[in-house]
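S.K.: I'd like to ask you about the structure that follows.
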Amino acid sequence: MNRVFSSVQLDASGTVAGLRDSLQAAVGQGAKGLLLLIGSSNKIDLKQLPSLLREIAIPAVGVVVPGVLLQDQVYEDGIAVCGLTSTSAATVVPNINRSEQELNQDIQQILGVNPNPSGVLIVIDGLSRGVDNFVTTLHDCIGPDVQVIGAGCGHRDFSLQPNVITTDGLLSNAALLLFTTMELVTSVSHGWEPVEGPFLVTDASDNQIQQINYQPAFPFYLDILAQHLGRTVAVEEFSALANHYPFGMAQLDSEFLVRDPVNRVGNAIVFAGAVPTNAMVYLLHASPNDLVEAAGTAATDLRSRFSSRYGQEASLNVFLIDCISRRMVMGEEYDDELAIIRRCLPNNVSVLGILSIGEIANSHQGGIQWLNKTTVIGGLA
Amino acid sequence: MSDSRQIDTLNLISIQHELAMNIGLDPQLVPMVRRLMKVCLRRLSVRRAYLFLRIDEDELLPAEATPGPENSVFFAMPADRQAEILDTPQVGEWIVDFFRGSLTSAEVTLFQFGRQFVYAYPLADNGVLLLDRSNTPLPDILVGALTPVFERLRQGCEAAIKHEQIIHEVERRRVAERRIQHLAFHDDLTGLPNRRHLLKQLNQLCERHVAGQGHCALIYLGLDNFSDINESLGYQIGDAVLGAISKRIVLADEKLAATARLDGDEFGFLITDLSTEESAASERVVTLTRWLLLQIEQPCELDDRTVSVAASAGITVFKADAEQPQAVLSHGRSALRRAKSLGRNTIHLHDTSLDEETSQRLSLDYDMRSALKSGDFQLWLQPQVDQQGRIIGAETLIRWNHAEKGLLLPNSFIPMAEKSGFIVPLSEWVLNEACRLIKLLNDQAVWPAGAKLGVNLSAKQFHQPDFVNRVLTTIKERNVSAEQIELELTERTLLDNVEEAIEKMQQLREAGLQISIDDFGTGYSSLAYLRRLPINRVKIDRAFVANIDSSTDDQAIVEVIISIARHFDMQVIAEGIDRPEALQTLVAMGCHQFQGFLFHRPMPLESFLELS
């Protein structure tokens, strides 16, 4: 991504002094701005970072993520210091829970200094209730022709802590936008397949399903799991099984939109993304192998689309957004996912990415979607 | 990936229901349309959705809508102000034809260009929903299944537009009512609340009074001689002065229930909760009033001049539970009148005696008007004589035969009649009655040849625009000779507007009426215009006659009056002759006409007739 990032350097020092050196190094390499991808297991006290960022002579912003992806490795405690080639391109939108109208004004203002973008990287508070509203508003502002790739940021333990760091302080409910005029191509895949369904969501609000097929959602979910597994499922098993059995919302001409069940409130199930009433859902499942294959497919698809368009791959730069939930499902086999992605891409490309809490990509029709348990790969040329 | 051309029943129902359920959830058009479009983008996997709506001329253009072709507006999601879809071959023309009413089919129409599929759903005659989709078409069964959903959209839009029109109309009326309310309770010139507002506040204060609250006060403030500014500098300057003063008189630190412009140059301040002790409340409000007067006295710097004005104030201190709002206002006004009568730039605190005076005044005014209707007024006559005591005329003098108080002299009711304006109808009655008396005296042949009956005119009557016409009409209607009537004017009446007076007097003289100046010598008439006044006779005031035999000052003045009268060829009559010494002195000085107790007291007609 040499035209968006002037440099990418992993700082594994775990100290403010070490990080300061890394930042200075990036500045020395000609960066006009800095983006820090901070693994949430990093030992540095985040409260010290705003003042550190203020020391730097160029604009700098950081996001806390469950893991930093570099080539085929995950760094939960490392910090990727990315030098930006443009000062105006990385902008933070605070308080994404605001009204559509207010967000629209903010985004239009940012677009005013980043005219005619062809792509945008979003990093957004993955646990904020404002995610859906923000991506819808962004789509309304930039239209269907600007390609989008994005990640939900946050801490690995899903704790509700500030996760966007600016020179002014630590923010929750914020989004970072990085516009580019380079052509961005994305490829999306998840590998989850339906094992039960369809079912009709008969009562839902935001990210909670109250009823499925007119029955309380939580017992219904346990019933269909039991039906699929051929055994009774105890309430206590929900946490362990839910990660392996997400729901998929049917779409007309795309893969299922995966919704990850993350919690239970009474008889309602809480998902890592909005599920509307009247949505048609399926129970999904995938083996680790299915997931790895899907990730490989995404990388291959991206490579072939670039090859057919440009005929050469030398300038392909890859940004990878991969859901932490996939890693949790796969365990140690997750290394295979990163390996296959790396393998399916040409040797001379660098892979930078985020282990994310939710992913963002365009649908086939240009809409911006909030995804769960999905691999999104973006290529810039 | 599912095949878009295939769709199972549950999915179809799911899509239909989700779309339909999102129509009409919000009663407002734009949120409703946006909500539906979001669902269309997600559930129908469309690239962009457009809604074109026909807008009649009298309908409101929603703020978020963009003008489209042929009196339409459109919404797009994602936003597209340029309506790119209209550039797509056939689609633009189709939309224009639709809004021109030249399309006959109400069915959904599909436009396909390579891998682009545009579905146009007519919403009856009201508009069109366009769904722009790439790569693959919608399943046929879904295309058909959406028709009833979008029929519901048509109904939803219609209802939302009507709803918004009602809301707009209600809001428009609310704004108009607020404006009317404002106009009703505010003064246009200064922007201050008006008398009605102050009275309303006063009413509320009295209605909501809580026991134990402190005294309240009304400051009734009037600018001194403000009419001089209007007349000498013009109303524009007068208005500017009022505007400037209005901005100054702000009692920011007080519990001020209202500030108002009560009348032309009068302002009111209603202050609450001053003190439970009346004396302390009075002291406080007097201090405030002094401060107000000082503020007003500061010169007003207008565009190219500086204007200074002073003010007087009447204050009434009251307990809100013990007073009627109208009475408070009336007390304040009375106190201001008293302040002005005591001299300008003065403060006067209302007291009870002022109430009694007001009450008496109001009662007197009512009684006078009743008396005129019931014929309780009479005209008495005081003969005027020559040196030999022969009657040469008479002055009519009004008397009120009051049912309870007996015979009342003019000084007990004429000042009130002048204040209340009752003097005008009363003066008209006097003229009519004088004409009747002349006719009667003529008929009975008791009226010497050349004798004149004097009729006193009030200033208000004289300054009526149609005064001359009224006098002449009355004389004509009564069929009496104008030469037999002498109109008696005071110097002050003439001095109010000399040019107008000269013109009116000339018209009266031309008609044959005689004119005399009553109380001559007290009004400081200037010789410059005395020369121009068409006067037949001057009356030497009783003030100069009473001690004329012993006062050299009075003699000197009377000599000058007689000399002036002779010079201008006017007759001279002395009134108030009640002693022979005074008569002798006046005769010696060359005065030959007299009126006074020495000859005759004022008398009713019956007595007058007996004289002859």
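Following the order of the structure tokens, chains are lettered A, B, ..., residues in each are numbered from 1, and ligands are numbered from 1.
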Using only C-alpha atoms, I'd like every residue of chain B that has an atom within 10 Å of chain A; please write them out as a PyMOL selection string.
M.R.: chain B and resi 1-8+10-19+21+38-39+41-48+76-80+132-139
S.K.: Residues near Leu10 in chain A, anyone? I mean within 10 Å using only C-alpha atoms, not counting same-chain ones fewer than 6 positions away, as a VMD selection string.
M.R.: chain A and resid 19 22 36 to 38 68 70 75 78 to 82
S.K.: Using only C-alpha atoms, which residue out of A:Asn348, A:Thr15, A:Ser325, A:Gln211 lies closest to Leu49 in chain A?
M.R.: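 Looking only at the distances to Leu49 in chain A, the closest residue turns out to be A:Thr15.
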S.K.: So which residues touch Leu292 in chain B within 10 Å, counting only C-alpha atoms, skipping near sequence neighbours fewer than 6 positions away, as a list in words?
M.R.: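 Everything that qualifies: Ile219, Leu221, Arg248, Ile249, Val250, Leu251, Val286, Ala311, Ser312 and Ala313 of chain B.
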S.K.: Could you give me the residues within range 298-424 of chain B that DSSP places in alpha helix (DSSP H), as a PyMOL selection string?
M.R.: chain B and resi 325-341+352-374+414-420+423-424
S.K.: Quick one: everything within 9 Å of Leu437 in chain B, counting only C-alpha atoms, minus sequence neighbours fewer than 6 positions away in the same chain. Send it as a PyMOL selection string.
M.R.: chain B and resi 379+453+605
S.K.: Kindly save the residues from that selection, with all heavy atoms included, as a PDB file, in the first residue's frame.
M.R.:
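Wrote selection23.pdb, looks like this:
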```pdb
ATOM      1  N   LEU B 379     -80.469  79.047  30.732  1.00  0.00           N
ATOM      2  CA  LEU B 379     -79.651  80.213  30.378  1.00  0.00           C
ATOM      3  C   LEU B 379     -80.222  81.424  31.105  1.00  0.00           C
ATOM      4  O   LEU B 379     -81.394  81.761  30.942  1.00  0.00           O
ATOM      5  CB  LEU B 379     -79.693  80.470  28.866  1.00  0.00           C
ATOM      6  CG  LEU B 379     -78.632  79.801  28.000  1.00  0.00           C
ATOM      7  CD1 LEU B 379     -78.609  80.434  26.623  1.00  0.00           C
ATOM      8  CD2 LEU B 379     -77.245  79.845  28.623  1.00  0.00           C
ATOM      9  N   LEU B 453     -77.275  89.683  22.150  1.00  0.00           N
ATOM     10  CA  LEU B 453     -77.242  88.682  23.231  1.00  0.00           C
ATOM     11  C   LEU B 453     -75.890  87.968  23.171  1.00  0.00           C
ATOM     12  O   LEU B 453     -75.536  87.358  22.145  1.00  0.00           O
ATOM     13  CB  LEU B 453     -78.395  87.677  23.053  1.00  0.00           C
ATOM     14  CG  LEU B 453     -78.666  86.766  24.248  1.00  0.00           C
ATOM     15  CD1 LEU B 453     -79.110  87.585  25.469  1.00  0.00           C
ATOM     16  CD2 LEU B 453     -79.748  85.739  23.914  1.00  0.00           C
ATOM     17  N   LEU B 605     -85.047  84.222  32.573  1.00  0.00           N
ATOM     18  CA  LEU B 605     -85.767  84.921  31.496  1.00  0.00           C
ATOM     19  C   LEU B 605     -86.997  85.670  32.030  1.00  0.00           C
ATOM     20  O   LEU B 605     -87.241  86.824  31.650  1.00  0.00           O
ATOM     21  CB  LEU B 605     -86.197  83.906  30.422  1.00  0.00           C
ATOM     22  CG  LEU B 605     -86.985  84.481  29.252  1.00  0.00           C
ATOM     23  CD1 LEU B 605     -86.117  85.391  28.405  1.00  0.00           C
ATOM     24  CD2 LEU B 605     -87.591  83.374  28.402  1.00  0.00           C
TER      25      LEU B 605
END
```
S.K.: Report, in Å to a single decimal, how far apart CA of Val64 in chain A and CA of Asp106 in chain A are.
M.R.: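 Going from CA of Asp106 in chain A over to CA of Val64 in chain A covers 22.7 Å.
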S.K.: Determine, counting only C-alpha atoms, which protein, DNA and RNA residues have an atom within 9 Å of an atom of Pro261 in chain A; residues of the same chain fewer than 3 positions away are not included. Present the result as a list of chain:residue names.
M.R.: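 Surrounding residues, per the criterion: A:Ser239, A:Ala242, A:Asn243, A:Tyr245, A:Pro246, A:Phe247, A:Arg264, A:Ile269, A:Val270, A:Phe271, A:Ala272.
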S.K.: What's the 10 Å shell around Arg601 in chain B, counting only C-alpha atoms, without same-chain residues fewer than 3 positions away, as an MDAnalysis selection string?
M.R.: chainID B and resid 380:383 578 595:598 604
S.K.: Could you take the residues named above and write them with N, CA, C and O atoms, as a PDB file, in the first residue's frame?
M.R.:
```pdb
ATOM      1  N   TRP B 380     -79.417  82.027  31.948  1.00  0.00           N
ATOM      2  CA  TRP B 380     -79.819  83.266  32.619  1.00  0.00           C
ATOM      3  C   TRP B 380     -79.232  84.428  31.829  1.00  0.00           C
ATOM      4  O   TRP B 380     -78.316  84.265  31.028  1.00  0.00           O
ATOM      5  N   LEU B 381     -79.753  85.588  32.097  1.00  0.00           N
ATOM      6  CA  LEU B 381     -79.313  86.768  31.350  1.00  0.00           C
ATOM      7  C   LEU B 381     -78.798  87.819  32.327  1.00  0.00           C
ATOM      8  O   LEU B 381     -79.413  88.061  33.373  1.00  0.00           O
ATOM      9  N   GLN B 382     -77.673  88.419  32.006  1.00  0.00           N
ATOM     10  CA  GLN B 382     -77.226  89.584  32.791  1.00  0.00           C
ATOM     11  C   GLN B 382     -77.213  90.776  31.847  1.00  0.00           C
ATOM     12  O   GLN B 382     -76.436  90.798  30.871  1.00  0.00           O
ATOM     13  N   PRO B 383     -78.081  91.746  32.109  1.00  0.00           N
ATOM     14  CA  PRO B 383     -78.182  92.895  31.208  1.00  0.00           C
ATOM     15  C   PRO B 383     -76.876  93.675  31.132  1.00  0.00           C
ATOM     16  O   PRO B 383     -76.109  93.724  32.101  1.00  0.00           O
ATOM     17  N   ASP B 578     -69.592  96.683  40.468  1.00  0.00           N
ATOM     18  CA  ASP B 578     -70.495  96.492  41.603  1.00  0.00           C
ATOM     19  C   ASP B 578     -70.451  97.666  42.596  1.00  0.00           C
ATOM     20  O   ASP B 578     -71.065  97.613  43.668  1.00  0.00           O
ATOM     21  N   GLN B 595     -71.469  96.222  32.718  1.00  0.00           N
ATOM     22  CA  GLN B 595     -72.192  95.003  33.123  1.00  0.00           C
ATOM     23  C   GLN B 595     -71.767  94.720  34.549  1.00  0.00           C
ATOM     24  O   GLN B 595     -70.570  94.728  34.853  1.00  0.00           O
ATOM     25  N   GLY B 596     -72.703  94.497  35.426  1.00  0.00           N
ATOM     26  CA  GLY B 596     -72.309  94.214  36.803  1.00  0.00           C
ATOM     27  C   GLY B 596     -73.472  94.316  37.751  1.00  0.00           C
ATOM     28  O   GLY B 596     -74.573  94.743  37.400  1.00  0.00           O
ATOM     29  N   PHE B 597     -73.185  93.884  38.996  1.00  0.00           N
ATOM     30  CA  PHE B 597     -74.231  93.852  40.023  1.00  0.00           C
ATOM     31  C   PHE B 597     -74.791  95.246  40.327  1.00  0.00           C
ATOM     32  O   PHE B 597     -75.905  95.384  40.811  1.00  0.00           O
ATOM     33  N   LEU B 598     -73.938  96.270  40.075  1.00  0.00           N
ATOM     34  CA  LEU B 598     -74.395  97.631  40.348  1.00  0.00           C
ATOM     35  C   LEU B 598     -75.661  97.933  39.537  1.00  0.00           C
ATOM     36  O   LEU B 598     -76.539  98.655  39.989  1.00  0.00           O
ATOM     37  N   PRO B 604     -83.124  84.909  35.566  1.00  0.00           N
ATOM     38  CA  PRO B 604     -83.798  84.039  34.601  1.00  0.00           C
ATOM     39  C   PRO B 604     -84.638  84.869  33.624  1.00  0.00           C
ATOM     40  O   PRO B 604     -84.880  86.055  33.856  1.00  0.00           O
TER      41      PRO B 604
END
```
S.K.: Between CA of Ser334 in chain B and CA of Leu364 in chain B, what is the distance in Å, rounded to a tenth?
M.R.: 16.2 Å
S.K.: Quick one: residues within 12 Å of Ile296 in chain B, only C-alpha atoms counted, chain neighbours fewer than 6 positions away excluded, as an MDAnalysis selection string?
M.R.: chainID B and resid 221:224 241:250 265 267 289:290 307:313 345
S.K.: Counting only C-alpha atoms, figure out which residue out of A:Ser172, A:Thr91, A:Thr375, A:Ser6 gets nearest to Ala295 in chain A.
M.R.: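 Using only C-alpha atoms, Ala295 in chain A sits closest to A:Thr375.
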S.K.: With distances taken over only C-alpha atoms, which of B:Phe467, B:Tyr119, B:Phe377, B:Trp447 is nearest to Ala403 in chain B?
M.R.: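 Of the candidates, the smallest distance to Ala403 in chain B is held by B:Phe377.
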